[in-house]
>>> print(open('protein.cif').read())   # mmCIF, C-alpha atoms
data_model
#
loop_
_atom_site.group_PDB
_atom_site.id
_atom_site.type_symbol
_atom_site.label_atom_id
_atom_site.label_comp_id
_atom_site.auth_asym_id
_atom_site.auth_seq_id
_atom_site.Cartn_x
_atom_site.Cartn_y
_atom_site.Cartn_z
ATOM 1 C CA MET B 1 27.856 49.578 -1.307
ATOM 2 C CA ALA B 2 24.093 49.040 -1.278
ATOM 3 C CA SER B 3 24.008 47.722 -4.884
ATOM 4 C CA LEU B 4 26.882 45.266 -4.219
ATOM 5 C CA SER B 5 25.175 43.668 -1.171
ATOM 6 C CA SER B 6 21.763 43.425 -2.948
ATOM 7 C CA SER B 7 23.346 41.642 -5.914
ATOM 8 C CA PHE B 8 25.040 39.290 -3.428
ATOM 9 C CA TRP B 9 21.654 38.370 -1.945
ATOM 10 C CA ASN B 10 20.210 38.042 -5.466
ATOM 11 C CA THR B 11 22.805 35.482 -6.464
ATOM 12 C CA ALA B 12 22.623 33.786 -3.078
ATOM 13 C CA SER B 13 18.846 33.357 -3.311
ATOM 14 C CA ARG B 14 19.124 32.138 -6.889
ATOM 15 C CA GLU B 15 21.678 29.520 -5.859
ATOM 16 C CA ALA B 16 19.475 28.461 -2.948
ATOM 17 C CA MET B 17 16.501 28.095 -5.324
ATOM 18 C CA LYS B 18 18.573 25.974 -7.701
ATOM 19 C CA SER B 19 19.676 23.675 -4.870
ATOM 20 C CA GLY B 20 16.090 23.513 -3.622
ATOM 21 C CA VAL B 21 14.816 22.495 -7.054
ATOM 22 C CA PHE B 22 17.581 19.911 -7.319
ATOM 23 C CA ILE B 23 16.691 18.438 -3.935
ATOM 24 C CA ALA B 24 12.999 18.322 -4.868
ATOM 25 C CA LYS B 25 13.802 16.507 -8.121
ATOM 26 C CA LEU B 26 16.085 14.081 -6.251
ATOM 27 C CA TYR B 27 13.331 13.371 -3.711
ATOM 28 C CA CYS B 28 10.812 12.668 -6.473
ATOM 29 C CA PHE B 29 13.285 10.411 -8.295
ATOM 30 C CA LEU B 30 13.992 8.456 -5.080
ATOM 31 C CA HIS B 31 10.270 8.143 -4.355
ATOM 32 C CA VAL B 32 9.518 6.706 -7.798
ATOM 33 C CA THR B 33 12.475 4.313 -7.607
ATOM 34 C CA THR B 34 11.660 2.950 -4.147
ATOM 35 C CA ASN B 35 7.919 2.687 -4.815
ATOM 36 C CA TYR B 36 7.925 1.325 -8.357
ATOM 37 C CA LEU B 37 11.281 -0.387 -8.926
ATOM 38 C CA GLY B 38 12.892 -1.727 -5.762
ATOM 39 C CA PHE B 39 13.930 -0.859 -2.245
ATOM 40 C CA MET B 40 16.335 -1.871 0.486
ATOM 41 C CA ALA B 41 14.933 -3.378 3.653
ATOM 42 C CA TYR B 42 16.538 -4.067 7.025
ATOM 43 C CA ALA B 43 15.265 -7.339 8.458
ATOM 44 C CA TYR B 44 15.829 -8.550 12.000
ATOM 45 C CA GLY B 45 14.144 -10.983 14.345
ATOM 46 C CA PRO B 46 13.973 -14.753 14.721
ATOM 47 C CA SER B 47 10.992 -15.581 12.510
ATOM 48 C CA MET B 48 12.947 -16.408 9.339
ATOM 49 C CA ILE B 49 15.794 -18.488 10.826
ATOM 50 C CA PRO B 50 17.793 -20.093 9.150
ATOM 51 C CA THR B 51 17.206 -18.101 5.965
ATOM 52 C CA LEU B 52 17.705 -14.688 7.569
ATOM 53 C CA HIS B 53 19.956 -13.881 10.547
ATOM 54 C CA PRO B 54 18.050 -12.775 13.648
ATOM 55 C CA SER B 55 20.578 -10.009 14.328
ATOM 56 C CA GLY B 56 19.994 -8.178 11.075
ATOM 57 C CA ASN B 57 20.200 -8.405 7.301
ATOM 58 C CA VAL B 58 20.048 -5.752 4.603
ATOM 59 C CA LEU B 59 17.908 -7.057 1.752
ATOM 60 C CA LEU B 60 17.083 -5.864 -1.724
ATOM 61 C CA ALA B 61 13.398 -6.202 -2.653
ATOM 62 C CA GLU B 62 11.714 -5.496 -5.987
ATOM 63 C CA ARG B 63 8.269 -4.087 -6.661
ATOM 64 C CA ILE B 64 8.005 -4.908 -10.366
ATOM 65 C CA SER B 65 6.783 -8.511 -10.387
ATOM 66 C CA LYS B 66 3.802 -7.886 -8.091
ATOM 67 C CA ARG B 67 2.195 -5.696 -10.788
ATOM 68 C CA TYR B 68 2.285 -8.291 -13.556
ATOM 69 C CA GLN B 69 2.024 -11.667 -11.920
ATOM 70 C CA LYS B 70 0.714 -13.317 -8.800
ATOM 71 C CA PRO B 71 3.181 -14.334 -6.087
ATOM 72 C CA SER B 72 4.404 -17.925 -6.242
ATOM 73 C CA ARG B 73 5.037 -20.494 -3.549
ATOM 74 C CA GLY B 74 8.445 -20.121 -1.946
ATOM 75 C CA ASP B 75 8.855 -16.377 -2.590
ATOM 76 C CA ILE B 76 10.069 -14.317 0.346
ATOM 77 C CA VAL B 77 7.848 -11.227 0.490
ATOM 78 C CA VAL B 78 7.686 -7.984 2.435
ATOM 79 C CA ILE B 79 4.068 -7.454 3.539
ATOM 80 C CA ARG B 80 2.210 -4.738 5.398
ATOM 81 C CA SER B 81 1.049 -6.452 8.570
ATOM 82 C CA PRO B 82 -2.740 -6.985 8.795
ATOM 83 C CA GLU B 83 -2.417 -6.384 12.530
ATOM 84 C CA ASN B 84 -0.592 -3.051 12.316
ATOM 85 C CA PRO B 85 -0.303 -1.159 9.001
ATOM 86 C CA ASN B 86 2.824 0.641 10.187
ATOM 87 C CA LYS B 87 4.817 -2.605 10.372
ATOM 88 C CA THR B 88 6.237 -4.443 7.360
ATOM 89 C CA PRO B 89 7.243 -7.995 8.331
ATOM 90 C CA ILE B 90 9.110 -10.297 5.941
ATOM 91 C CA LYS B 91 7.769 -13.848 5.531
ATOM 92 C CA ARG B 92 7.722 -16.660 2.973
ATOM 93 C CA VAL B 93 4.718 -17.508 0.784
ATOM 94 C CA VAL B 94 3.805 -21.139 1.455
ATOM 95 C CA GLY B 95 0.351 -21.129 -0.161
ATOM 96 C CA ILE B 96 -1.343 -19.231 -2.992
ATOM 97 C CA GLU B 97 -5.057 -18.832 -3.718
ATOM 98 C CA GLY B 98 -6.866 -22.147 -3.947
ATOM 99 C CA ASP B 99 -4.218 -24.128 -2.052
ATOM 100 C CA CYS B 100 -5.282 -26.345 0.820
ATOM 101 C CA ILE B 101 -2.824 -25.686 3.647
ATOM 102 C CA SER B 102 -2.378 -27.853 6.746
ATOM 103 C CA PHE B 103 -0.332 -26.285 9.485
ATOM 104 C CA VAL B 104 0.507 -26.784 13.133
ATOM 105 C CA ILE B 105 -1.064 -23.835 14.910
ATOM 106 C CA ASP B 106 1.529 -23.465 17.665
ATOM 107 C CA PRO B 107 4.453 -25.943 17.571
ATOM 108 C CA VAL B 108 5.647 -24.701 20.971
ATOM 109 C CA LYS B 109 2.407 -25.591 22.757
ATOM 110 C CA SER B 110 1.027 -28.714 21.067
ATOM 111 C CA ASP B 111 0.759 -30.757 17.879
ATOM 112 C CA GLU B 112 -2.737 -29.521 17.141
ATOM 113 C CA SER B 113 -3.074 -28.713 13.455
ATOM 114 C CA GLU B 114 -5.614 -26.965 11.265
ATOM 115 C CA THR B 115 -6.435 -27.092 7.559
ATOM 116 C CA ILE B 116 -7.685 -24.147 5.525
ATOM 117 C CA VAL B 117 -8.218 -23.283 1.881
ATOM 118 C CA VAL B 118 -6.537 -20.041 0.836
ATOM 119 C CA PRO B 119 -9.285 -17.722 -0.505
ATOM 120 C CA LYS B 120 -9.140 -15.992 -3.881
ATOM 121 C CA GLY B 121 -6.842 -12.990 -3.984
ATOM 122 C CA HIS B 122 -4.914 -14.032 -0.850
ATOM 123 C CA VAL B 123 -1.622 -15.760 0.044
ATOM 124 C CA PHE B 124 -0.665 -17.769 3.102
ATOM 125 C CA VAL B 125 2.646 -16.563 4.541
ATOM 126 C CA GLN B 126 4.720 -18.257 7.181
ATOM 127 C CA GLY B 127 8.091 -17.592 8.793
ATOM 128 C CA ASP B 128 10.751 -20.250 8.229
ATOM 129 C CA TYR B 129 11.210 -20.599 12.005
ATOM 130 C CA THR B 130 7.682 -21.619 12.891
ATOM 131 C CA HIS B 131 8.432 -21.794 16.619
ATOM 132 C CA ASN B 132 8.812 -18.011 16.898
ATOM 133 C CA SER B 133 6.914 -16.306 14.104
ATOM 134 C CA ARG B 134 3.668 -14.359 13.880
ATOM 135 C CA ASP B 135 2.309 -15.086 10.426
ATOM 136 C CA SER B 136 -0.773 -16.337 8.589
ATOM 137 C CA ARG B 137 -1.196 -19.046 11.234
ATOM 138 C CA ASN B 138 -2.089 -16.159 13.583
ATOM 139 C CA PHE B 139 -3.588 -13.430 11.386
ATOM 140 C CA GLY B 140 -4.937 -15.498 8.498
ATOM 141 C CA PRO B 141 -4.239 -15.341 4.758
ATOM 142 C CA VAL B 142 -3.017 -11.975 3.492
ATOM 143 C CA PRO B 143 -4.637 -10.192 0.489
ATOM 144 C CA TYR B 144 -2.366 -9.442 -2.492
ATOM 145 C CA GLY B 145 -2.816 -5.716 -1.893
ATOM 146 C CA LEU B 146 -0.742 -5.935 1.284
ATOM 147 C CA ILE B 147 2.308 -7.372 -0.476
ATOM 148 C CA GLN B 148 4.924 -4.633 -0.743
ATOM 149 C CA GLY B 149 7.651 -6.433 -2.681
ATOM 150 C CA ARG B 150 9.581 -9.642 -3.296
ATOM 151 C CA VAL B 151 12.988 -10.137 -1.676
ATOM 152 C CA LEU B 152 15.699 -10.894 -4.249
ATOM 153 C CA TRP B 153 19.099 -10.468 -2.707
ATOM 154 C CA ARG B 154 20.917 -10.175 0.584
ATOM 155 C CA VAL B 155 23.426 -7.301 0.646
ATOM 156 C CA TRP B 156 24.697 -7.522 4.246
ATOM 157 C CA PRO B 157 26.263 -9.363 6.158
ATOM 158 C CA PHE B 158 28.823 -9.636 3.380
ATOM 159 C CA GLN B 159 29.626 -13.285 4.126
ATOM 160 C CA ASP B 160 26.112 -14.111 2.947
ATOM 161 C CA PHE B 161 25.940 -11.719 0.014
ATOM 162 C CA GLY B 162 23.850 -13.484 -2.584
ATOM 163 C CA PRO B 163 20.407 -14.293 -3.971
ATOM 164 C CA LEU B 164 17.507 -15.290 -1.729
ATOM 165 C CA GLY B 165 14.696 -17.272 -3.202
ATOM 166 C CA PRO B 166 12.483 -20.322 -2.970
ATOM 167 C CA THR B 167 14.096 -23.120 -0.988
ATOM 168 C CA PRO B 168 14.330 -26.355 -2.927
ATOM 169 C CA THR B 169 11.800 -28.683 -1.255
ATOM 170 C CA MET T 1 21.252 18.996 -35.254
ATOM 171 C CA GLY T 2 18.655 21.444 -33.969
ATOM 172 C CA ILE T 3 15.600 19.174 -34.188
ATOM 173 C CA GLN T 4 17.288 16.300 -32.302
ATOM 174 C CA ASN T 5 18.411 18.667 -29.600
ATOM 175 C CA ILE T 6 14.917 20.128 -29.207
ATOM 176 C CA LEU T 7 13.328 16.655 -29.068
ATOM 177 C CA TRP T 8 15.853 15.574 -26.447
ATOM 178 C CA GLN T 9 15.146 18.658 -24.351
ATOM 179 C CA VAL T 10 11.399 18.046 -24.580
ATOM 180 C CA ALA T 11 11.853 14.376 -23.632
ATOM 181 C CA LYS T 12 13.963 15.323 -20.604
ATOM 182 C CA LYS T 13 11.379 17.864 -19.443
ATOM 183 C CA ALA T 14 8.528 15.380 -19.942
ATOM 184 C CA PHE T 15 10.390 12.694 -17.995
ATOM 185 C CA THR T 16 11.140 15.033 -15.085
ATOM 186 C CA GLY T 17 7.582 16.353 -15.132
ATOM 187 C CA SER T 18 6.076 12.870 -15.029
ATOM 188 C CA ILE T 19 8.332 11.825 -12.141
ATOM 189 C CA ILE T 20 7.333 14.906 -10.169
ATOM 190 C CA GLY T 21 3.659 14.423 -11.033
ATOM 191 C CA LEU T 22 3.773 10.770 -9.963
ATOM 192 C CA THR T 23 5.365 11.710 -6.638
ATOM 193 C CA ILE T 24 2.754 14.395 -5.976
ATOM 194 C CA SER T 25 -0.045 11.989 -6.872
ATOM 195 C CA ASP T 26 1.330 9.347 -4.506
ATOM 196 C CA ARG T 27 2.377 11.502 -1.568
ATOM 197 C CA CYS T 28 0.150 14.573 -1.643
ATOM 198 C CA CYS T 29 -3.226 14.136 -3.354
ATOM 199 C CA SER T 30 -4.807 12.839 -6.552
ATOM 200 C CA VAL T 31 -8.112 13.198 -8.415
ATOM 201 C CA VAL T 32 -10.178 10.072 -9.110
ATOM 202 C CA PRO T 33 -13.603 9.511 -10.679
ATOM 203 C CA VAL T 34 -16.312 7.784 -8.650
ATOM 204 C CA ARG T 35 -18.006 4.945 -10.542
ATOM 205 C CA GLY T 36 -21.265 3.367 -9.482
ATOM 206 C CA ASP T 37 -23.860 4.487 -6.992
ATOM 207 C CA SER T 38 -22.825 2.636 -3.838
ATOM 208 C CA MET T 39 -22.057 5.978 -2.184
ATOM 209 C CA SER T 40 -25.280 7.763 -3.186
ATOM 210 C CA PRO T 41 -26.246 10.462 -2.308
ATOM 211 C CA THR T 42 -22.773 11.528 -1.124
ATOM 212 C CA PHE T 43 -21.332 10.806 -4.591
ATOM 213 C CA ASN T 44 -23.113 10.249 -7.921
ATOM 214 C CA PRO T 45 -26.636 11.016 -6.730
ATOM 215 C CA GLN T 46 -27.945 10.410 -10.277
ATOM 216 C CA ARG T 47 -27.323 7.130 -12.089
ATOM 217 C CA ASN T 48 -25.764 8.740 -15.139
ATOM 218 C CA SER T 49 -22.175 7.906 -15.989
ATOM 219 C CA HIS T 50 -21.680 11.150 -17.929
ATOM 220 C CA LEU T 51 -22.105 13.063 -14.684
ATOM 221 C CA ASP T 52 -19.723 11.013 -12.502
ATOM 222 C CA ASP T 53 -18.255 12.886 -9.581
ATOM 223 C CA TYR T 54 -14.530 13.543 -9.448
ATOM 224 C CA VAL T 55 -13.094 13.653 -5.952
ATOM 225 C CA LEU T 56 -9.851 14.764 -4.330
ATOM 226 C CA VAL T 57 -8.039 11.930 -2.537
ATOM 227 C CA ASP T 58 -5.632 13.039 0.185
ATOM 228 C CA LYS T 59 -2.522 10.867 0.626
ATOM 229 C CA PHE T 60 -0.943 12.496 3.679
ATOM 230 C CA CYS T 61 -3.003 10.201 5.919
ATOM 231 C CA LEU T 62 -0.954 7.228 4.649
ATOM 232 C CA LYS T 63 2.071 8.371 6.603
ATOM 233 C CA ASP T 64 0.936 6.624 9.777
ATOM 234 C CA TYR T 65 -2.487 5.240 8.781
ATOM 235 C CA LYS T 66 -4.464 7.399 11.190
ATOM 236 C CA PHE T 67 -8.122 7.143 10.242
ATOM 237 C CA ALA T 68 -11.377 7.781 12.066
ATOM 238 C CA ARG T 69 -14.904 6.500 11.881
ATOM 239 C CA GLY T 70 -16.758 8.437 9.175
ATOM 240 C CA ASP T 71 -13.799 8.896 6.820
ATOM 241 C CA VAL T 72 -14.488 8.067 3.178
ATOM 242 C CA VAL T 73 -11.510 6.057 1.917
ATOM 243 C CA VAL T 74 -10.190 4.560 -1.326
ATOM 244 C CA PHE T 75 -8.889 1.004 -0.861
ATOM 245 C CA SER T 76 -7.758 -2.044 -2.866
ATOM 246 C CA SER T 77 -10.290 -4.810 -2.995
ATOM 247 C CA PRO T 78 -9.276 -7.761 -0.761
ATOM 248 C CA THR T 79 -10.573 -10.251 -3.329
ATOM 249 C CA ASN T 80 -9.671 -8.586 -6.636
ATOM 250 C CA PHE T 81 -6.263 -7.028 -6.275
ATOM 251 C CA GLY T 82 -6.629 -4.694 -9.277
ATOM 252 C CA ASP T 83 -9.981 -3.158 -8.264
ATOM 253 C CA ARG T 84 -10.311 -0.117 -6.053
ATOM 254 C CA TYR T 85 -13.399 0.844 -4.086
ATOM 255 C CA ILE T 86 -14.535 4.022 -2.357
ATOM 256 C CA LYS T 87 -16.503 3.446 0.851
ATOM 257 C CA ARG T 88 -16.979 4.962 4.299
ATOM 258 C CA ILE T 89 -15.321 3.622 7.463
ATOM 259 C CA VAL T 90 -18.073 2.772 9.926
ATOM 260 C CA GLY T 91 -16.019 0.686 12.362
ATOM 261 C CA MET T 92 -12.513 1.139 13.739
ATOM 262 C CA PRO T 93 -10.408 -1.585 15.452
ATOM 263 C CA GLY T 94 -11.988 -2.824 18.650
ATOM 264 C CA GLU T 95 -15.495 -1.637 17.806
ATOM 265 C CA TRP T 96 -18.486 -3.953 17.504
ATOM 266 C CA ILE T 97 -20.519 -4.031 14.290
ATOM 267 C CA SER T 98 -23.912 -5.671 13.993
ATOM 268 C CA SER T 99 -24.167 -7.311 10.587
ATOM 269 C CA SER T 100 -27.133 -9.264 9.251
ATOM 270 C CA ARG T 101 -26.830 -12.319 11.462
ATOM 271 C CA ASP T 102 -24.572 -11.521 14.380
ATOM 272 C CA VAL T 103 -22.332 -9.023 16.129
ATOM 273 C CA ILE T 104 -18.721 -8.846 14.931
ATOM 274 C CA ARG T 105 -15.711 -7.237 16.608
ATOM 275 C CA VAL T 106 -13.399 -5.382 14.236
ATOM 276 C CA PRO T 107 -9.904 -6.911 14.700
ATOM 277 C CA GLU T 108 -6.737 -4.884 15.374
ATOM 278 C CA GLY T 109 -5.309 -3.275 12.249
ATOM 279 C CA HIS T 110 -8.608 -3.629 10.322
ATOM 280 C CA CYS T 111 -11.662 -1.471 9.671
ATOM 281 C CA TRP T 112 -15.278 -2.052 8.662
ATOM 282 C CA VAL T 113 -16.336 -0.193 5.512
ATOM 283 C CA GLU T 114 -19.829 0.313 4.123
ATOM 284 C CA GLY T 115 -21.270 2.300 1.244
ATOM 285 C CA ASP T 116 -23.731 5.079 2.042
ATOM 286 C CA ASN T 117 -26.260 3.445 -0.285
ATOM 287 C CA LYS T 118 -26.804 0.215 1.634
ATOM 288 C CA THR T 119 -29.064 -1.335 -0.972
ATOM 289 C CA SER T 120 -26.466 -1.423 -3.734
ATOM 290 C CA SER T 121 -23.039 -1.598 -2.164
ATOM 291 C CA LEU T 122 -20.388 -4.337 -2.157
ATOM 292 C CA ASP T 123 -18.628 -3.769 1.151
ATOM 293 C CA SER T 124 -17.593 -5.285 4.488
ATOM 294 C CA ARG T 125 -21.005 -6.898 4.846
ATOM 295 C CA THR T 126 -19.822 -9.187 2.010
ATOM 296 C CA PHE T 127 -16.036 -9.434 2.305
ATOM 297 C CA GLY T 128 -15.567 -8.744 6.006
ATOM 298 C CA PRO T 129 -13.318 -6.190 7.706
ATOM 299 C CA ILE T 130 -10.408 -4.975 5.571
ATOM 300 C CA PRO T 131 -6.815 -4.455 6.791
ATOM 301 C CA LEU T 132 -5.953 -0.766 7.128
ATOM 302 C CA GLY T 133 -2.895 -1.447 4.943
ATOM 303 C CA LEU T 134 -5.169 -1.766 1.889
ATOM 304 C CA ILE T 135 -6.287 1.858 2.157
ATOM 305 C CA GLN T 136 -4.797 4.106 -0.514
ATOM 306 C CA GLY T 137 -6.154 7.511 0.462
ATOM 307 C CA ARG T 138 -8.922 9.516 2.086
ATOM 308 C CA VAL T 139 -11.504 11.489 0.107
ATOM 309 C CA THR T 140 -11.683 15.091 1.281
ATOM 310 C CA ARG T 141 -13.569 17.034 -1.395
ATOM 311 C CA VAL T 142 -15.789 16.691 -4.442
ATOM 312 C CA LEU T 143 -14.178 18.613 -7.307
ATOM 313 C CA TRP T 144 -16.535 18.049 -10.265
ATOM 314 C CA PRO T 145 -19.263 18.816 -11.298
ATOM 315 C CA PRO T 146 -18.842 22.430 -10.244
ATOM 316 C CA GLN T 147 -22.261 22.742 -8.642
ATOM 317 C CA ARG T 148 -21.351 19.928 -6.251
ATOM 318 C CA ILE T 149 -17.952 21.203 -5.114
ATOM 319 C CA SER T 150 -17.950 20.587 -1.382
ATOM 320 C CA LYS T 151 -15.955 19.382 1.545
ATOM 321 C CA ILE T 152 -16.743 15.858 2.708
ATOM 322 C CA GLY T 153 -17.615 15.768 6.384
ATOM 323 C CA GLN T 154 -17.996 12.904 8.826
#
>>> encode(input="protein.cif", output="structure tokens")
Amino acid sequence: MASLSSSFWNTASREAMKSGVFIAKLYCFLHVTTNYLGFMAYAYGPSMIPTLHPSGNVLLAERISKRYQKPSRGDIVVIRSPENPNKTPIKRVVGIEGDCISFVIDPVKSDESETIVVPKGHVFVQGDYTHNSRDSRNFGPVPYGLIQGRVLWRVWPFQDFGPLGPTPT
Amino acid sequence: MGIQNILWQVAKKAFTGSIIGLTISDRCCSVVPVRGDSMSPTFNPQRNSHLDDYVLVDKFCLKDYKFARGDVVVFSSPTNFGDRYIKRIVGMPGEWISSSRDVIRVPEGHCWVEGDNKTSSLDSRTFGPIPLGLIQGRVTRVLWPPQRISKIGQ
């Protein structure tokens, strides 16, 4: 009896180890995919109306292009907020380094506008719905290092399944 | 054939190993060399590139970006995206820093970094406070050369 139960625990622990190793490998594979290839993001809030629905969208973002080229005007990017590193807002790039940007500081309050030159290594991001968006008009141009990825595609809601990109101006 | 099979097995093992290594380096800790003398005497006390210090960079702190004044951190340069610097945090959000001409308040979500060797360090006195999101890890120990193995304090 004793030898039967010990061999049961032997096989049980071996199976558990195999599953553990499999889960560890799966975790590593998922980490490399989401950090180096692309990731899914859930976006909600009013700042990107009409491009994104305020009640929620599931987006597909890629991390490949930010390694090899600078962001271009019109890209929708996921950034790490300069005001709170735990938040990752989604905004559109309206100016790249060297651009001279004129913007209305707060369209809700007044028509007062300001003009800045985007410094080297930074981008100026702005939400499409400027009346309700915290973006570079509030926290200034964002360094490239804070860009997490470029949004390519909307997966949900299914009625709007399709590519997301620069709006034709 | 036998050789093809062996090569395929080796390739699979190398691929899995590199994925696991990359995950550990990103999530757990990595080893980086320190170049330059902007952090003398904490790192590289002699100006000799053959004796550069190698330090252990802890990545667990990136889970919720909790840092404190006195931490030595690795961060992406705000002006040159590809460069990475190692400096010490001397100001956390809300604190006041006196730079050469005036007194500056460190904004929310940012920190003020300076090298220990003030005479030869490119840091926040030049490029201003950096967003915490640019930080890529915290230096905890010196690993090489062996006579300088030590824990980095505040």
>>> resolve_selection(input="protein.cif", expression="the PyMOL selection byres ((chain B and resi 84) around 9)", output="ChimeraX atom specification")
/B:80-83,85-88 /T:108-110,131-133
>>> resolve_selection(input="protein.cif", expression="the PyMOL selection byres ((chain T and resi 84) around 10)", output="mmCIF file with C-alpha atoms, keeping the file's coordinate frame")
data_model
loop_
_atom_site.group_PDB
_atom_site.id
_atom_site.type_symbol
_atom_site.label_atom_id
_atom_site.label_comp_id
_atom_site.auth_asym_id
_atom_site.auth_seq_id
_atom_site.Cartn_x
_atom_site.Cartn_y
_atom_site.Cartn_z
ATOM 1 C CA VAL T 74 -10.190 4.560 -1.326
ATOM 2 C CA PHE T 75 -8.889 1.004 -0.861
ATOM 3 C CA SER T 76 -7.758 -2.044 -2.866
ATOM 4 C CA SER T 77 -10.290 -4.810 -2.995
ATOM 5 C CA PRO T 78 -9.276 -7.761 -0.761
ATOM 6 C CA ASN T 80 -9.671 -8.586 -6.636
ATOM 7 C CA PHE T 81 -6.263 -7.028 -6.275
ATOM 8 C CA GLY T 82 -6.629 -4.694 -9.277
ATOM 9 C CA ASP T 83 -9.981 -3.158 -8.264
ATOM 10 C CA TYR T 85 -13.399 0.844 -4.086
ATOM 11 C CA ILE T 86 -14.535 4.022 -2.357
ATOM 12 C CA LYS T 87 -16.503 3.446 0.851
ATOM 13 C CA LEU T 134 -5.169 -1.766 1.889
ATOM 14 C CA ILE T 135 -6.287 1.858 2.157
ATOM 15 C CA GLN T 136 -4.797 4.106 -0.514
#
>>> resolve_selection(input="protein.cif", expression="the PyMOL selection byres ((chain B) within 10 of (chain T))", output="number ranges by chain")
B: 24-33, 35, 67, 70, 79-88, 119-122, 139, 142-147
>>> closest_residue(input="protein.cif", among="B:Gly56, B:Gly98, B:Gly127, B:Gly165", to="B:Tyr42", atoms="all atoms listed in the file")
B:Gly56
>>> residues_around(input="protein.cif", residues="T:Arg35", least_positions_apart="4", cutoff="12 Å", atoms="only C-alpha atoms", output="mmCIF file with C-alpha atoms, in the coordinates of the input")
data_model
loop_
_atom_site.group_PDB
_atom_site.id
_atom_site.type_symbol
_atom_site.label_atom_id
_atom_site.label_comp_id
_atom_site.auth_asym_id
_atom_site.auth_seq_id
_atom_site.Cartn_x
_atom_site.Cartn_y
_atom_site.Cartn_z
ATOM 1 C CA MET T 39 -22.057 5.978 -2.184
ATOM 2 C CA SER T 40 -25.280 7.763 -3.186
ATOM 3 C CA PHE T 43 -21.332 10.806 -4.591
ATOM 4 C CA ASN T 44 -23.113 10.249 -7.921
ATOM 5 C CA PRO T 45 -26.636 11.016 -6.730
ATOM 6 C CA GLN T 46 -27.945 10.410 -10.277
ATOM 7 C CA ARG T 47 -27.323 7.130 -12.089
ATOM 8 C CA ASN T 48 -25.764 8.740 -15.139
ATOM 9 C CA SER T 49 -22.175 7.906 -15.989
ATOM 10 C CA HIS T 50 -21.680 11.150 -17.929
ATOM 11 C CA LEU T 51 -22.105 13.063 -14.684
ATOM 12 C CA ASP T 52 -19.723 11.013 -12.502
ATOM 13 C CA ASP T 53 -18.255 12.886 -9.581
ATOM 14 C CA TYR T 54 -14.530 13.543 -9.448
ATOM 15 C CA VAL T 55 -13.094 13.653 -5.952
ATOM 16 C CA ASP T 83 -9.981 -3.158 -8.264
ATOM 17 C CA ARG T 84 -10.311 -0.117 -6.053
ATOM 18 C CA TYR T 85 -13.399 0.844 -4.086
ATOM 19 C CA ILE T 86 -14.535 4.022 -2.357
ATOM 20 C CA LYS T 87 -16.503 3.446 0.851
ATOM 21 C CA SER T 121 -23.039 -1.598 -2.164
#
>>> atom_distance(input="protein.cif", atom1="atom CA of B:Ile76", atom2="atom CA of B:Arg92")
4.2 Å
>>> residues_near_point(input="protein.cif", point="(-11.8, 14.2, 0.0)", cutoff="10 Å", atoms="all atoms listed in the file", output="list in words")
Cys29, Ser30, Val31, Tyr54, Val55, Leu56, Val57, Asp58, Lys59, Asp71, Val72, Val73, Val74, Gly137, Arg138, Val139, Thr140, Arg141, Val142, Leu143, Ser150, Lys151, Ile152 and Gly153 of chain T
>>> atom_distance(input="protein.cif", atom1="atom CA of T:Pro41", atom2="atom CA of T:Val113")
16.5 Å
>>> residues_near_point(input="protein.cif", point="(14.8, -21.7, -3.5)", cutoff="12 Å", atoms="all atoms listed in the file", output="PyMOL selection string")
chain B and resi 51+72-76+92-93+151-152+163-169
>>> residues_around(input="protein.cif", residues="B:Asp160", least_positions_apart="5", cutoff="12 Å", atoms="all atoms listed in the file", output="list of chain:residue names")
B:Pro50, B:Thr51, B:Leu52, B:His53, B:Gly56, B:Asn57, B:Val58, B:Leu59, B:Trp153, B:Arg154, B:Val155
>>> atom_distance(input="protein.cif", atom1="atom CA of B:Asp111", atom2="atom CA of B:His131")
11.9 Å
